[in-house]
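Coordinates from entry.txt are shown below (compact mmCIF, C-alpha atoms).
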# COMPACT_ATOMS: atom_id res chain seq x y z
CA ASP A 11 7.81 -59.84 -34.39
CA SER A 12 4.54 -60.98 -32.79
CA GLY A 13 5.22 -59.37 -29.42
CA VAL A 14 5.15 -62.77 -27.68
CA THR A 15 8.48 -63.77 -26.16
CA GLN A 16 9.65 -67.22 -25.17
CA THR A 17 12.76 -68.33 -23.33
CA PRO A 18 14.95 -70.20 -23.77
CA LYS A 19 15.14 -70.61 -27.55
CA HIS A 20 16.86 -73.96 -27.30
CA LEU A 21 17.09 -76.50 -24.52
CA ILE A 22 19.05 -79.73 -24.45
CA THR A 23 18.57 -82.05 -21.53
CA ALA A 24 18.60 -85.71 -20.55
CA THR A 25 15.84 -88.21 -19.99
CA GLY A 26 14.32 -88.06 -16.55
CA GLN A 27 15.10 -84.38 -16.07
CA ARG A 28 12.74 -81.45 -15.50
CA VAL A 29 12.67 -78.19 -17.45
CA THR A 30 10.70 -74.95 -17.36
CA LEU A 31 9.71 -73.00 -20.45
CA ARG A 32 8.74 -69.37 -20.07
CA CYS A 33 6.38 -67.18 -22.08
CA SER A 34 5.49 -63.50 -21.94
CA PRO A 35 2.32 -62.59 -23.86
CA ARG A 36 1.79 -59.50 -25.98
CA SER A 37 1.15 -56.37 -24.00
CA GLY A 38 -2.54 -56.28 -23.06
CA ASP A 39 -3.24 -59.93 -23.82
CA LEU A 40 -4.79 -61.84 -20.93
CA SER A 41 -4.87 -65.31 -22.43
CA VAL A 42 -1.98 -67.66 -23.06
CA TYR A 43 -1.97 -70.96 -24.95
CA TRP A 44 0.69 -73.65 -25.10
CA TYR A 45 1.15 -75.88 -28.17
CA GLN A 46 3.55 -78.71 -28.93
CA GLN A 47 4.84 -79.32 -32.45
CA SER A 48 6.45 -82.69 -33.13
CA LEU A 49 7.14 -84.62 -36.31
CA ASP A 50 4.75 -87.45 -35.54
CA GLN A 51 1.93 -85.58 -33.74
CA GLY A 52 1.94 -82.29 -35.62
CA LEU A 53 0.75 -79.17 -33.81
CA GLN A 54 -1.18 -80.06 -30.67
CA PHE A 55 -2.88 -77.84 -28.13
CA LEU A 56 -1.72 -78.44 -24.58
CA ILE A 57 -3.38 -75.92 -22.27
CA GLN A 58 -4.89 -72.43 -22.10
CA TYR A 59 -4.88 -69.85 -19.33
CA TYR A 60 -6.92 -66.71 -18.98
CA ASN A 61 -5.97 -64.06 -16.44
CA GLY A 62 -4.27 -66.56 -14.19
CA GLU A 63 -6.89 -69.29 -14.37
CA GLU A 64 -6.83 -72.49 -16.37
CA ARG A 65 -9.51 -72.31 -19.07
CA ALA A 66 -9.04 -75.31 -21.34
CA LYS A 67 -6.95 -78.43 -21.45
CA GLY A 68 -5.88 -80.40 -24.48
CA ASN A 69 -3.54 -83.35 -24.88
CA ILE A 70 -1.32 -82.42 -21.98
CA LEU A 71 0.47 -85.25 -20.23
CA GLU A 72 0.27 -85.60 -16.45
CA ARG A 73 4.04 -85.09 -16.35
CA PHE A 74 3.47 -81.60 -17.73
CA SER A 75 2.02 -78.67 -15.83
CA ALA A 76 1.62 -74.98 -16.42
CA GLN A 77 0.62 -71.80 -14.67
CA GLN A 78 0.01 -68.16 -15.42
CA PHE A 79 1.31 -65.62 -12.95
CA PRO A 80 -0.23 -62.29 -11.82
CA ASP A 81 2.00 -60.41 -14.28
CA LEU A 82 0.44 -62.67 -16.97
CA HIS A 83 3.60 -64.47 -17.96
CA SER A 84 3.26 -68.23 -18.12
CA GLU A 85 5.49 -71.19 -17.47
CA LEU A 86 5.24 -74.73 -18.79
CA ASN A 87 6.93 -77.34 -16.63
CA LEU A 88 7.93 -80.64 -18.17
CA SER A 89 9.14 -83.36 -15.82
CA SER A 90 10.42 -86.94 -16.06
CA LEU A 91 11.35 -86.14 -19.61
CA GLU A 92 11.33 -88.84 -22.25
CA LEU A 93 12.89 -88.95 -25.70
CA GLY A 94 9.44 -88.47 -27.22
CA ASP A 95 9.05 -85.10 -25.51
CA SER A 96 11.58 -83.63 -27.93
CA ALA A 97 9.60 -81.03 -29.84
CA LEU A 98 9.07 -77.36 -30.54
CA TYR A 99 6.92 -75.78 -27.84
CA PHE A 100 4.97 -72.68 -28.78
CA CYS A 101 3.27 -70.15 -26.62
CA ALA A 102 0.55 -68.00 -28.14
CA SER A 103 -1.50 -65.15 -26.72
CA SER A 104 -4.75 -63.40 -27.44
CA VAL A 105 -6.69 -60.58 -25.82
CA VAL A 106 -9.33 -62.42 -23.80
CA GLY A 107 -9.03 -65.96 -25.13
CA GLN A 108 -12.17 -66.14 -27.25
CA PRO A 109 -12.28 -68.42 -30.33
CA GLN A 110 -12.76 -65.54 -32.77
CA GLU A 111 -9.54 -63.88 -31.73
CA THR A 112 -6.29 -64.21 -33.58
CA GLN A 113 -3.66 -66.02 -31.59
CA TYR A 114 -0.18 -64.55 -31.89
CA PHE A 115 2.63 -67.04 -31.57
CA GLY A 116 6.01 -66.70 -29.96
CA PRO A 117 9.19 -67.96 -31.67
CA GLY A 118 9.04 -71.26 -29.79
CA THR A 119 11.39 -73.22 -27.55
CA ARG A 120 13.10 -76.16 -29.20
CA LEU A 121 13.53 -78.96 -26.67
CA LEU A 122 15.86 -81.86 -27.32
CA VAL A 123 15.85 -84.74 -24.86
CA LEU A 124 18.87 -87.04 -25.13
CA ALA B 30 -14.87 -84.08 -32.25
CA GLN B 31 -13.52 -81.72 -34.82
CA THR B 32 -10.95 -82.48 -37.48
CA VAL B 33 -8.94 -80.49 -39.97
CA THR B 34 -7.54 -82.25 -43.02
CA GLN B 35 -4.92 -81.00 -45.44
CA SER B 36 -4.64 -83.61 -48.16
CA GLN B 37 -1.62 -82.13 -49.95
CA PRO B 38 1.61 -82.78 -48.02
CA GLU B 39 3.62 -80.84 -50.63
CA MET B 40 2.87 -78.36 -53.38
CA SER B 41 5.09 -76.56 -55.85
CA VAL B 42 4.52 -73.30 -57.74
CA GLN B 43 6.60 -71.11 -60.03
CA GLU B 44 7.29 -67.53 -59.13
CA ALA B 45 4.50 -65.17 -60.23
CA GLU B 46 2.05 -68.06 -60.66
CA THR B 47 -1.02 -68.89 -58.58
CA VAL B 48 -1.38 -71.86 -56.26
CA THR B 49 -4.28 -73.17 -54.19
CA LEU B 50 -3.85 -75.11 -50.96
CA SER B 51 -6.73 -77.30 -49.85
CA CYS B 52 -8.27 -77.73 -46.43
CA THR B 53 -11.39 -79.54 -45.30
CA TYR B 54 -12.76 -79.62 -41.80
CA ASP B 55 -15.45 -81.17 -39.72
CA THR B 56 -17.24 -79.63 -36.77
CA SER B 57 -20.70 -80.01 -35.32
CA GLU B 58 -20.80 -76.37 -34.22
CA SER B 59 -22.41 -73.63 -36.27
CA ASP B 60 -20.19 -70.85 -34.93
CA TYR B 61 -16.51 -71.27 -35.69
CA TYR B 62 -13.49 -69.53 -37.15
CA LEU B 63 -10.95 -70.65 -39.70
CA PHE B 64 -7.34 -69.57 -40.07
CA TRP B 65 -4.35 -70.11 -42.30
CA TYR B 66 -0.96 -69.85 -40.64
CA LYS B 67 2.40 -69.81 -42.38
CA GLN B 68 5.52 -71.37 -40.87
CA PRO B 69 8.70 -70.39 -42.74
CA PRO B 70 12.06 -72.10 -42.11
CA SER B 71 12.52 -69.83 -39.07
CA ARG B 72 9.66 -71.85 -37.50
CA GLN B 73 7.74 -68.73 -36.50
CA MET B 74 3.95 -69.17 -36.83
CA ILE B 75 2.53 -66.23 -38.77
CA LEU B 76 -1.16 -65.57 -39.38
CA VAL B 77 -1.93 -65.31 -43.09
CA ILE B 78 -5.70 -64.91 -43.16
CA ARG B 79 -8.83 -65.63 -41.12
CA GLN B 80 -12.48 -66.30 -41.92
CA GLU B 81 -15.55 -66.15 -39.72
CA ALA B 82 -17.97 -68.96 -40.52
CA TYR B 83 -20.99 -66.64 -40.32
CA LYS B 84 -19.60 -64.42 -43.08
CA GLN B 85 -20.43 -65.46 -46.62
CA GLN B 86 -17.84 -63.18 -48.17
CA ASN B 87 -14.46 -64.76 -48.70
CA ALA B 88 -11.59 -63.11 -46.83
CA THR B 89 -8.79 -61.44 -48.77
CA GLU B 90 -5.40 -60.12 -47.63
CA ASN B 91 -3.36 -58.68 -50.49
CA ARG B 92 -2.17 -61.67 -52.58
CA PHE B 93 -3.86 -64.19 -50.28
CA SER B 94 -7.51 -65.10 -50.54
CA VAL B 95 -9.71 -67.96 -49.41
CA ASN B 96 -12.50 -69.96 -50.99
CA PHE B 97 -14.82 -70.76 -48.11
CA GLN B 98 -17.50 -73.32 -48.94
CA LYS B 99 -19.45 -73.78 -45.72
CA ALA B 100 -21.77 -76.53 -46.91
CA ALA B 101 -18.85 -78.54 -48.23
CA LYS B 102 -16.76 -77.69 -45.14
CA SER B 103 -13.93 -76.57 -47.36
CA PHE B 104 -11.51 -73.69 -46.77
CA SER B 105 -8.83 -73.38 -49.45
CA LEU B 106 -6.08 -70.75 -49.64
CA LYS B 107 -5.17 -69.12 -52.92
CA ILE B 108 -1.81 -67.40 -53.25
CA SER B 109 -1.54 -65.14 -56.30
CA ASP B 110 1.67 -63.83 -57.87
CA SER B 111 3.73 -66.27 -55.78
CA GLN B 112 7.02 -64.99 -54.42
CA LEU B 113 10.11 -66.82 -53.19
CA GLY B 114 9.30 -65.60 -49.68
CA ASP B 115 6.03 -67.53 -49.77
CA ALA B 116 7.93 -70.80 -49.47
CA ALA B 117 6.88 -72.25 -46.13
CA MET B 118 4.69 -74.77 -44.37
CA TYR B 119 1.05 -73.68 -44.39
CA PHE B 120 -1.35 -74.81 -41.69
CA CYS B 121 -5.11 -74.64 -41.77
CA ALA B 122 -6.71 -74.27 -38.34
CA LEU B 123 -10.17 -74.21 -36.79
CA SER B 124 -11.36 -72.72 -33.53
CA ASN B 125 -14.76 -72.77 -31.90
CA SER B 126 -16.15 -73.11 -28.40
CA GLY B 127 -13.14 -75.19 -27.48
CA TYR B 128 -11.09 -72.01 -27.77
CA ALA B 129 -7.84 -73.63 -28.89
CA LEU B 130 -6.73 -73.92 -32.47
CA ASN B 131 -7.09 -77.33 -34.06
CA PHE B 132 -4.48 -77.62 -36.81
CA GLY B 133 -4.19 -79.71 -39.93
CA LYS B 134 -0.96 -81.57 -40.70
CA GLY B 135 0.25 -78.83 -42.99
CA THR B 136 1.21 -78.37 -46.64
CA SER B 137 4.80 -77.63 -47.59
CA LEU B 138 4.92 -75.04 -50.38
CA LEU B 139 7.96 -74.85 -52.63
CA VAL B 140 8.37 -71.78 -54.84
CA THR B 141 10.66 -72.18 -57.83
CA PRO B 142 12.26 -69.32 -59.79

Turn the structure described in the file into structure tokens.
Amino acid sequence: DSGVTQTPKHLITATGQRVTLRCSPRSGDLSVYWYQQSLDQGLQFLIQYYNGEERAKGNILERFSAQQFPDLHSELNLSSLELGDSALYFCASSVVGQPQETQYFGPGTRLLVL
Amino acid sequence: AQTVTQSQPEMSVQEAETVTLSCTYDTSESDYYLFWYKQPPSRQMILVIRQEAYKQQNATENRFSVNFQKAAKSFSLKISDSQLGDAAMYFCALSNSGYALNFGKGTSLLVTP
């Protein structure tokens, strides 16, 4: 158990819908990362937050947005969902979000868009 | 741009034997960090080992060790005394000033009795 929690574990929804994925980092970690794992794109970095502020952005679509709240939990919002958004979404956390730190991953949320 | 390449989509090893998974990378930065993550069928991402680029000594964690060749930009993972529980997808990853992990496509390791 990494100490990072993600809810829900599974999500099935329809095209055009909007969903919210939630992540709670390890106790004491200030930085949260979101990654998407799909069969065709592999593991891709989406976005990073540090202490409530956006720090880095990767291949995140405009239909996707995220935020980190004062209690440090983070939410990833996916809207106007398409079939291609079906993937495993990971949240990871680290202490202060520096590149030398180990990132600890949550169990992931498996999203299926029908 | 930085890239991480794992050229072996699948590897197989017998129990108790040794296997080496390959990884090459490209980055223009001099300060970076390399990681191997394991993803078993449960899909959980688990850190196996990490290496700081400024350290010449290869990292070791129990049965797992790396061969870090900085000039060749190579970072291979050696698993000794392979166990059935080692069967998983293994990802090589790089991080530097961009903060996020940049992953390779992964190598699926099969362990046979």

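For B:Thr34, the list of residues within 6 Å, based on all atoms listed in the file and with local chain neighbours fewer than 6 positions off taken out, reads Cys52, Thr53, Tyr54 and Gly133 of chain B.
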
Please tabulate, as JSON lines, the residues of chain A that come within 9 Å of chain B, each with its closest pair of atoms and the distance in Å to one decimal, counting all atoms listed in the file and ordering rows by chain, then residue number upward.
{"residue": "A:Ser12", "atom": "CA", "partner": "B:Ile75", "partner_atom": "CA", "distance": 8.2}
{"residue": "A:Tyr43", "atom": "CA", "partner": "B:Ala129", "partner_atom": "CA", "distance": 7.6}
{"residue": "A:Gln51", "atom": "CA", "partner": "B:Lys134", "partner_atom": "CA", "distance": 8.5}
{"residue": "A:Gly52", "atom": "CA", "partner": "B:Lys134", "partner_atom": "CA", "distance": 5.9}
{"residue": "A:Leu53", "atom": "CA", "partner": "B:Phe132", "partner_atom": "CA", "distance": 6.2}
{"residue": "A:Gln54", "atom": "CA", "partner": "B:Asn131", "partner_atom": "CA", "distance": 7.3}
{"residue": "A:Phe55", "atom": "CA", "partner": "B:Ala129", "partner_atom": "CA", "distance": 6.6}
{"residue": "A:Leu56", "atom": "CA", "partner": "B:Ala129", "partner_atom": "CA", "distance": 8.9}
{"residue": "A:Ile57", "atom": "CA", "partner": "B:Ala129", "partner_atom": "CA", "distance": 8.3}
{"residue": "A:Gln58", "atom": "CA", "partner": "B:Ala129", "partner_atom": "CA", "distance": 7.5}
{"residue": "A:Arg65", "atom": "CA", "partner": "B:Tyr128", "partner_atom": "CA", "distance": 8.8}
{"residue": "A:Ala66", "atom": "CA", "partner": "B:Gly127", "partner_atom": "CA", "distance": 7.4}
{"residue": "A:Lys67", "atom": "CA", "partner": "B:Ala129", "partner_atom": "CA", "distance": 8.9}
{"residue": "A:Gly68", "atom": "CA", "partner": "B:Ala129", "partner_atom": "CA", "distance": 8.3}
{"residue": "A:Leu98", "atom": "CA", "partner": "B:Arg72", "partner_atom": "CA", "distance": 8.9}
{"residue": "A:Phe100", "atom": "CA", "partner": "B:Met74", "partner_atom": "CA", "distance": 8.8}
{"residue": "A:Gly107", "atom": "CA", "partner": "B:Tyr128", "partner_atom": "CA", "distance": 6.9}
{"residue": "A:Gln108", "atom": "CA", "partner": "B:Tyr128", "partner_atom": "CA", "distance": 6.0}
{"residue": "A:Pro109", "atom": "CA", "partner": "B:Tyr128", "partner_atom": "CA", "distance": 4.6}
{"residue": "A:Gln110", "atom": "CA", "partner": "B:Tyr62", "partner_atom": "CA", "distance": 6.0}
{"residue": "A:Glu111", "atom": "CA", "partner": "B:Tyr62", "partner_atom": "CA", "distance": 8.8}
{"residue": "A:Thr112", "atom": "CA", "partner": "B:Leu76", "partner_atom": "CA", "distance": 7.9}
{"residue": "A:Gln113", "atom": "CA", "partner": "B:Leu76", "partner_atom": "CA", "distance": 8.2}
{"residue": "A:Tyr114", "atom": "CA", "partner": "B:Ile75", "partner_atom": "CA", "distance": 7.6}
{"residue": "A:Phe115", "atom": "CA", "partner": "B:Met74", "partner_atom": "CA", "distance": 5.8}
{"residue": "A:Gly116", "atom": "CA", "partner": "B:Gln73", "partner_atom": "CA", "distance": 7.1}
{"residue": "A:Pro117", "atom": "CA", "partner": "B:Gln73", "partner_atom": "CA", "distance": 5.1}
{"residue": "A:Gly118", "atom": "CA", "partner": "B:Gln73", "partner_atom": "CA", "distance": 7.3}

I need every residue sitting at most 12 Å from the point (3.3, -62.9, -24.3) (coordinates as in the file, all atoms listed in the file considered), written as a PyMOL selection string.
chain A and resi 11-17+32-44+59+78-79+81-85+100-105+113-118

Coordinates-based distance that separates atom CA of B:Gln43 from atom CA of B:Ser137 (Å, one decimal):
14.2 Å

Find the residues near A:Ser75: any atom within 7 Å, counting all atoms listed in the file, skip ones fewer than 6 places away on the same chain, and give them as a ChimeraX atom specification.
/A:86-88

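For the pair atom CA of B:Tyr66 and atom CA of B:Ala122, the interatomic distance is 7.6 Å.
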
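Pairwise distance (atom CA of B:Pro142, atom CA of B:Glu44) equals 5.3 Å.
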